[in-house]
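Engineer: Structure supplied as model_37.cif; contents: mmCIF, C-alpha atoms.
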data_start
loop_
_atom_site.label_atom_id
_atom_site.label_comp_id
_atom_site.auth_asym_id
_atom_site.auth_seq_id
_atom_site.Cartn_x
_atom_site.Cartn_y
_atom_site.Cartn_z
CA MET A 17 -19.27 14.80 17.78
CA VAL A 18 -19.44 11.56 15.82
CA LYS A 19 -18.86 8.25 17.59
CA ALA A 20 -19.23 4.56 16.79
CA GLN A 21 -18.29 1.06 17.90
CA PHE A 22 -16.49 -0.71 15.05
CA THR A 23 -16.46 -4.40 16.02
CA PRO A 24 -19.12 -5.35 13.40
CA ILE A 25 -17.16 -3.65 10.60
CA TYR A 26 -13.90 -5.22 11.80
CA THR A 27 -15.58 -8.66 11.90
CA ASP A 28 -16.67 -8.36 8.27
CA TYR A 29 -13.21 -7.02 7.36
CA TYR A 30 -11.55 -10.15 8.80
CA LEU A 31 -14.11 -12.43 7.15
CA HIS A 32 -13.18 -10.73 3.87
CA LEU A 33 -9.46 -11.34 4.50
CA MET A 34 -10.13 -15.03 5.29
CA GLU A 35 -12.25 -15.45 2.17
CA GLN A 36 -9.54 -13.88 -0.01
CA LYS A 37 -6.72 -15.70 1.82
CA LEU A 38 -5.08 -12.40 2.73
CA ARG A 39 -2.98 -11.76 5.82
CA HIS A 40 -1.39 -8.46 6.86
CA ASN A 41 1.42 -7.48 9.15
CA GLU A 42 -0.13 -6.81 12.58
CA ASN A 43 1.05 -3.20 12.82
CA LEU A 44 -0.09 -2.31 9.29
CA ASP A 45 -3.35 -4.18 9.82
CA GLN A 46 -4.09 -2.00 12.86
CA LYS A 47 -3.36 1.16 10.87
CA LEU A 48 -5.79 0.07 8.16
CA LYS A 49 -8.47 -0.71 10.76
CA ASP A 50 -7.95 2.71 12.36
CA LEU A 51 -8.35 4.35 8.95
CA LEU A 52 -11.57 2.42 8.25
CA ALA A 53 -12.96 3.79 11.53
CA LEU A 54 -11.72 7.34 11.06
CA LEU A 55 -12.93 7.67 7.47
CA SER A 56 -16.36 6.37 8.50
CA LEU A 57 -16.61 9.08 11.15
CA HIS A 58 -15.29 11.71 8.74
CA LEU A 59 -17.91 10.76 6.14
CA VAL A 60 -20.67 11.32 8.69
CA ALA A 61 -19.16 14.67 9.69
CA ARG A 62 -19.19 15.78 6.04
CA PRO A 63 -22.20 16.73 3.84
CA TRP A 64 -24.34 13.97 2.37
CA ALA A 65 -23.74 12.25 -0.96
CA GLU A 66 -19.93 12.31 -0.90
CA THR A 67 -17.60 9.48 -1.80
CA ILE A 68 -14.17 9.93 -0.24
CA ALA A 69 -10.94 7.99 -0.78
CA TRP A 70 -7.74 8.30 1.23
CA THR A 71 -4.39 6.88 0.14
CA ILE A 72 -1.55 7.03 2.65
CA ASN A 73 1.87 6.55 1.09
CA LEU A 74 4.45 5.65 3.76
CA ARG A 75 8.22 5.60 3.39
CA ALA A 76 9.13 3.04 6.04
CA PRO A 77 7.75 0.51 5.80
CA ARG A 78 7.17 1.21 2.12
CA VAL A 79 3.42 0.68 1.88
CA ASN A 80 0.20 2.22 0.59
CA LEU A 81 -2.86 2.19 2.84
CA PHE A 82 -6.11 2.77 0.96
CA VAL A 83 -9.61 3.35 2.35
CA THR A 84 -12.74 4.59 0.65
CA GLY A 85 -16.37 4.99 1.55
CA SER A 86 -19.66 6.67 0.70
CA SER A 87 -22.00 8.50 3.04
CA LEU A 88 -24.77 8.01 0.46
CA PHE A 89 -24.49 4.22 0.42
CA GLU A 90 -23.11 3.98 3.98
CA ASN A 91 -20.31 1.59 3.06
CA ILE A 92 -16.59 1.49 3.78
CA THR A 93 -13.77 -0.67 2.42
CA GLY A 94 -9.99 -0.69 2.22
CA HIS A 95 -6.85 -2.48 1.13
CA LEU A 96 -3.15 -2.65 1.92
CA PHE A 97 -0.45 -2.54 -0.79
CA THR A 98 3.05 -3.78 0.07
CA GLU A 99 4.37 -4.74 -3.39
CA ASN A 100 5.50 -2.46 -6.22
CA VAL A 101 5.06 0.62 -4.05
CA LYS A 102 7.09 3.63 -5.13
CA GLU A 103 9.21 5.00 -2.29
CA PRO A 104 8.21 8.59 -1.50
CA ASP A 105 10.56 11.19 -0.04
CA ARG A 106 8.06 11.75 2.80
CA ASN A 107 4.84 10.30 4.19
CA ILE A 108 1.81 11.71 2.35
CA LEU A 109 -1.97 11.45 2.66
CA PHE A 110 -3.82 11.88 -0.64
CA SER A 111 -7.54 12.66 -0.44
CA GLN A 112 -10.12 12.55 -3.21
CA THR A 113 -13.73 13.64 -2.69
CA LEU A 114 -16.32 12.85 -5.36
CA VAL A 115 -19.82 14.29 -5.62
CA LYS A 116 -22.17 13.34 -8.46
CA ASN A 117 -22.28 15.86 -11.33
CA THR A 118 -19.26 17.81 -10.01
CA GLU A 119 -15.53 17.71 -10.67
CA GLY A 120 -14.80 16.65 -7.10
CA ARG A 121 -11.86 17.74 -5.02
CA ARG A 122 -8.32 16.52 -4.47
CA SER A 123 -5.79 17.44 -1.81
CA HIS A 124 -2.68 16.06 -0.17
CA ILE A 125 -0.84 16.70 3.08
CA GLU A 126 2.49 15.68 4.55
CA LEU A 127 2.38 13.40 7.59
CA GLU A 128 4.97 13.63 10.35
CA THR A 129 3.90 10.74 12.60
CA GLU A 130 2.97 7.07 12.37
CA ASP A 131 -0.37 7.37 14.18
CA PRO A 132 -3.60 7.49 12.11
CA ILE A 133 -5.26 9.46 14.92
CA GLU A 134 -2.76 12.28 14.35
CA TRP A 135 -3.09 11.91 10.58
CA ILE A 136 -6.78 12.85 10.61
CA GLU A 137 -6.17 15.74 13.01
CA THR A 138 -3.51 17.09 10.64
CA TYR A 139 -5.86 16.55 7.71
CA TYR A 140 -8.60 18.60 9.38
CA LEU A 141 -6.26 21.49 10.13
CA GLN A 142 -4.79 21.64 6.63
CA SER A 143 -7.55 20.41 4.30
CA GLU A 144 -10.75 21.08 6.24
CA GLN A 145 -9.38 24.35 7.62
CA ARG A 146 -10.73 23.69 11.12
CA PRO A 147 -9.42 21.83 14.16
CA ALA A 148 -10.59 18.35 15.09
CA ARG A 149 -9.66 15.70 17.63
CA ALA A 150 -9.93 11.96 17.17
CA PHE A 151 -9.93 9.39 19.97
CA ARG A 152 -9.37 5.63 20.07
CA LEU A 153 -11.26 4.36 23.13
CA ASP A 154 -11.78 0.94 24.73
CA ASP A 155 -13.72 -1.87 23.05
CA GLU A 156 -13.07 -0.56 19.51
CA HIS A 157 -14.95 2.70 20.07
CA PHE A 158 -13.79 5.76 18.10
CA VAL A 159 -14.84 9.39 18.46
CA LEU A 160 -14.31 12.38 16.18
CA LEU A 161 -14.86 15.91 17.51
CA ALA A 162 -14.79 18.53 14.75
CA ALA A 163 -14.85 22.24 15.59
CA GLN A 164 -17.67 24.47 14.33
CA PRO A 165 -17.42 28.27 14.03
CA ASP A 166 -16.73 29.97 17.39
CA ALA A 167 -15.80 26.65 19.00
CA ASP A 168 -13.91 26.62 22.30
CA THR A 169 -10.65 25.34 20.84
CA GLU A 170 -8.86 25.52 24.18
CA TRP A 171 -11.40 23.08 25.63
CA LEU A 172 -11.04 20.89 22.53
CA ASP A 173 -7.23 20.82 22.77
CA GLN A 174 -7.27 19.77 26.43
CA LEU A 175 -9.63 16.81 26.08
CA THR A 176 -8.34 13.43 27.21
CA ASN A 177 -9.57 9.92 26.41
CA ASP A 178 -11.32 9.78 29.80
CA ASP A 179 -13.03 13.12 29.13
CA VAL A 180 -14.35 11.88 25.80
CA ALA A 181 -15.42 8.50 27.17
CA ASN A 182 -17.63 10.33 29.70
CA ILE A 183 -18.61 13.30 27.57
CA THR A 184 -22.30 12.43 27.39
CA LYS A 185 -22.40 12.28 31.21
CA ASN A 186 -20.53 15.52 31.82
CA GLU A 187 -21.73 17.67 28.91
CA GLU A 188 -25.18 18.49 27.58
CA THR A 189 -25.60 16.54 24.34
CA ASN A 190 -28.44 15.72 21.94
CA LEU A 191 -28.58 12.86 19.44
CA LEU A 192 -28.92 14.29 15.93
CA GLU A 193 -29.08 11.09 13.89
CA THR A 194 -27.81 7.53 13.59
CA ARG A 195 -26.16 6.05 10.50
CA LYS A 196 -25.47 2.37 9.81
CA PHE A 197 -22.19 1.81 7.96
CA ARG A 198 -21.01 -1.60 6.80
CA PHE A 199 -17.81 -3.09 5.36
CA GLN A 200 -18.65 -3.55 1.70
CA CYS A 201 -16.79 -2.89 -1.55
CA GLY A 202 -19.41 -3.79 -4.15
CA CYS A 203 -16.81 -5.01 -6.63
CA SER A 204 -17.61 -7.72 -9.17
CA VAL A 205 -16.06 -9.26 -12.24
CA ASP A 206 -18.45 -7.18 -14.39
CA LYS A 207 -17.00 -3.97 -12.91
CA ILE A 208 -13.42 -5.14 -13.51
CA LEU A 209 -13.90 -6.16 -17.17
CA PRO A 210 -13.96 -2.59 -18.57
CA ALA A 211 -10.41 -2.11 -17.26
CA LEU A 212 -9.33 -5.06 -19.45
CA LYS A 213 -11.05 -3.84 -22.62
CA ALA A 214 -7.73 -2.84 -24.18
CA TRP A 215 -6.75 -6.53 -24.22
CA LYS A 216 -9.82 -7.61 -26.21
CA ASP A 217 -7.80 -8.08 -29.42
CA ARG A 218 -4.68 -9.31 -27.60
CA LYS A 219 -6.12 -12.15 -25.52
CA ASP A 220 -3.19 -14.46 -26.24
CA GLU A 221 -0.81 -11.87 -24.88
CA LEU A 222 -2.91 -11.42 -21.74
CA PHE A 223 -3.74 -15.06 -20.96
CA GLN A 224 -0.51 -16.64 -22.33
CA GLY A 225 -2.21 -19.99 -22.85
CA ASP A 226 -3.92 -20.09 -19.46
CA PRO A 227 -7.68 -20.80 -19.40
CA ALA A 228 -8.24 -17.88 -17.01
CA ILE A 229 -6.49 -15.11 -15.10
CA GLU A 230 -7.03 -13.70 -11.64
CA ALA A 231 -7.81 -9.97 -11.40
CA SER A 232 -7.65 -8.22 -8.03
CA CYS A 233 -9.94 -5.38 -7.01
CA PRO A 234 -7.78 -2.31 -6.21
CA ARG A 235 -10.27 -1.17 -3.54
CA CYS A 236 -10.50 -4.28 -1.36
CA GLY A 237 -8.11 -6.88 -2.80
CA ALA A 238 -10.86 -9.36 -3.75
CA LYS A 239 -9.81 -11.77 -6.50
CA HIS A 240 -12.03 -12.31 -9.55
CA ILE A 241 -11.58 -14.96 -12.24
CA VAL A 242 -11.59 -13.71 -15.84
CA THR A 243 -11.76 -16.03 -18.87
CA PRO A 244 -11.10 -15.14 -22.54
CA ASP A 245 -14.81 -15.44 -23.37
CA MET A 246 -15.61 -12.68 -20.89
CA LEU A 247 -13.66 -10.21 -23.01
#
Written as structure tokens, how would this file's structure read?

Structural biologist:
Amino acid sequence: MVKAQFTPIYTDYYLHLMEQKLRHNENLDQKLKDLLALLSLHLVARPWAETIAWTINLRAPRVNLFVTGSSLFENITGHLFTENVKEPDRNILFSQTLVKNTEGRRSHIELETEDPIEWIETYYLQSEQRPARAFRLDDEHFVLLAAQPDADTEWLDQLTNDDVANITKNEETNLLETRKFRFQCGCSVDKILPALKAWKDRKDELFQGDPAIEASCPRCGAKHIVTPDML
């Protein structure tokens, strides 16, 4: 069982949106917040030193939800894309797991609902090959229960929000460890410049007479100013 209270991460998320002058549709904003919470819990449930990214491509509304985080650096970030999004024929979750000095792993699953809680449960069944339950509780608490070998899956399937809220009172539990995640992307103009290297000899074409351009981070949406001299 992995559980956390996400108000501090949500606070920094909204400070980031204010700083970047970004504002999301309320329903989509809630989905992105849910995904930030669920990926954080999933990272803790997985082995150490993984970086995981989820992209959820929705048909209606046509939008991409993106979240990524690292259990090694204990950070999480995300972004919402509503423009120039290709319309899929179905809702899909794409997952990419990176581990240093390995090829990593990619997978994708089809989603049948609009609820991120059900998305992660489907993901566990199909990609993790084991059942899991996720719960959205009061006061921005989230809980992930992932089955281990020989788990009582009937008990797991029947759990309610009230059961999970009181699980430490009604079940014998032991604290294994505590992690401290934060909302942080780590992007900078120096990290964005390599993506613009192809324009080094075509600056006029890129800047079109402007003294600078604005480049957005694809992970968090932060805007960075790039001048011709930087290239």

Engineer: At what distance in Å, to one decimal, does CA of Val83 (chain A) lie from CA of Leu212 (chain A)?

Structural biologist: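 Spanning CA of Leu212 (chain A) to CA of Val83 (chain A) is a straight-line distance of 23.4 Å.
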
Engineer: CA of Phe151 (chain A) and CA of Asp179 (chain A), how far apart in Å?

Structural biologist: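 Calculated distance between CA of Asp179 (chain A) and CA of Phe151 (chain A) is 10.4 Å.
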
Engineer: Env of region 113-122 of chain A: 8 Å cut, atoms = only C-alpha atoms, seq-sep filter 3 positions within chain, self excluded. Answer as a ChimeraX atom specification.

Structural biologist: /A:65-69,110

Engineer: Write out, as a tab-separated table, each residue of region 174-225 of chain A that has an atom at most 10 Å from region 26-48 of chain A, together with the closest pair of atoms and their distance in Å to one decimal, counting only C-alpha atoms, rows going by chain and rising number.

Structural biologist:
residue	atom	partner	partner_atom	distance
A:Arg198	CA	A:Asp28	CA	8.2
A:Phe199	CA	A:Asp28	CA	6.1
A:Gln200	CA	A:Asp28	CA	8.4

Engineer: If the PyMOL selection byres ((chain A and resi 75) around 7) is run on the structure shown, which residues does it catch, given as a list in words?

Structural biologist: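 Answer for the PyMOL selection byres ((chain A and resi 75) around 7): Asn73, Leu74, Ala76, Pro77, Arg78, Glu103, Pro104, Asp105, Arg106 and Asn107 of chain A.
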
Engineer: Taking (-19.9, -2.9, -5.5) in the file's own coordinates, collect the residues within 12 Å, counting only C-alpha atoms, and hand them back as a PyMOL selection string.

Structural biologist: chain A and resi 85-86+89+91-93+199-208+233+235-236+238

Engineer: Running the PyMOL selection byres ((chain A and resi 62) around 12) on this model by hand, what would come out? Give it as a ChimeraX atom specification.

Structural biologist: /A:17-18,55-61,63-68,86-88,113,115,140,144,160,162

Engineer: The residues within 7 Å of (-6.2, 21.1, 19.4), using all atoms listed in the file and the coordinates of the file, should be reported as a PyMOL selection string; which are they?

Structural biologist: chain A and resi 147-149+169+172-173

Engineer: Could you please fill out region 58-72 of chain A with N, CA and C atoms and send it back as a PDB file, keeping the file's coordinate frame?

Structural biologist:
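So the final result, stored in result-v4.pdb, reads:
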ATOM      1  N   HIS A  58     -15.459  10.511   9.557  1.00  0.00           N
ATOM      2  CA  HIS A  58     -15.290  11.710   8.740  1.00  0.00           C
ATOM      3  C   HIS A  58     -16.419  11.842   7.719  1.00  0.00           C
ATOM      4  N   LEU A  59     -16.825  10.728   7.107  1.00  0.00           N
ATOM      5  CA  LEU A  59     -17.910  10.760   6.140  1.00  0.00           C
ATOM      6  C   LEU A  59     -19.202  11.272   6.765  1.00  0.00           C
ATOM      7  N   VAL A  60     -19.453  10.873   8.019  1.00  0.00           N
ATOM      8  CA  VAL A  60     -20.670  11.320   8.690  1.00  0.00           C
ATOM      9  C   VAL A  60     -20.567  12.798   9.073  1.00  0.00           C
ATOM     10  N   ALA A  61     -19.354  13.262   9.339  1.00  0.00           N
ATOM     11  CA  ALA A  61     -19.160  14.670   9.690  1.00  0.00           C
ATOM     12  C   ALA A  61     -19.247  15.588   8.475  1.00  0.00           C
ATOM     13  N   ARG A  62     -19.144  15.013   7.286  1.00  0.00           N
ATOM     14  CA  ARG A  62     -19.190  15.780   6.040  1.00  0.00           C
ATOM     15  C   ARG A  62     -20.617  15.846   5.501  1.00  0.00           C
ATOM     16  N   PRO A  63     -20.873  16.690   4.465  1.00  0.00           N
ATOM     17  CA  PRO A  63     -22.200  16.730   3.840  1.00  0.00           C
ATOM     18  C   PRO A  63     -22.562  15.387   3.206  1.00  0.00           C
ATOM     19  N   TRP A  64     -23.849  15.208   2.983  1.00  0.00           N
ATOM     20  CA  TRP A  64     -24.340  13.970   2.370  1.00  0.00           C
ATOM     21  C   TRP A  64     -23.832  13.806   0.939  1.00  0.00           C
ATOM     22  N   ALA A  65     -23.953  12.585   0.457  1.00  0.00           N
ATOM     23  CA  ALA A  65     -23.740  12.250  -0.960  1.00  0.00           C
ATOM     24  C   ALA A  65     -22.301  12.396  -1.423  1.00  0.00           C
ATOM     25  N   GLU A  66     -21.339  12.272  -0.515  1.00  0.00           N
ATOM     26  CA  GLU A  66     -19.930  12.310  -0.900  1.00  0.00           C
ATOM     27  C   GLU A  66     -19.333  10.903  -0.881  1.00  0.00           C
ATOM     28  N   THR A  67     -18.454  10.667  -1.822  1.00  0.00           N
ATOM     29  CA  THR A  67     -17.600   9.480  -1.800  1.00  0.00           C
ATOM     30  C   THR A  67     -16.175   9.974  -1.598  1.00  0.00           C
ATOM     31  N   ILE A  68     -15.503   9.449  -0.583  1.00  0.00           N
ATOM     32  CA  ILE A  68     -14.170   9.930  -0.240  1.00  0.00           C
ATOM     33  C   ILE A  68     -13.191   8.754  -0.235  1.00  0.00           C
ATOM     34  N   ALA A  69     -12.010   8.993  -0.785  1.00  0.00           N
ATOM     35  CA  ALA A  69     -10.940   7.990  -0.780  1.00  0.00           C
ATOM     36  C   ALA A  69      -9.681   8.612  -0.212  1.00  0.00           C
ATOM     37  N   TRP A  70      -9.029   7.887   0.681  1.00  0.00           N
ATOM     38  CA  TRP A  70      -7.740   8.300   1.230  1.00  0.00           C
ATOM     39  C   TRP A  70      -6.691   7.267   0.852  1.00  0.00           C
ATOM     40  N   THR A  71      -5.557   7.736   0.357  1.00  0.00           N
ATOM     41  CA  THR A  71      -4.390   6.880   0.140  1.00  0.00           C
ATOM     42  C   THR A  71      -3.249   7.442   0.959  1.00  0.00           C
ATOM     43  N   ILE A  72      -2.685   6.619   1.828  1.00  0.00           N
ATOM     44  CA  ILE A  72      -1.550   7.030   2.650  1.00  0.00           C
ATOM     45  C   ILE A  72      -0.312   6.311   2.140  1.00  0.00           C
TER      46      ILE A  72
END
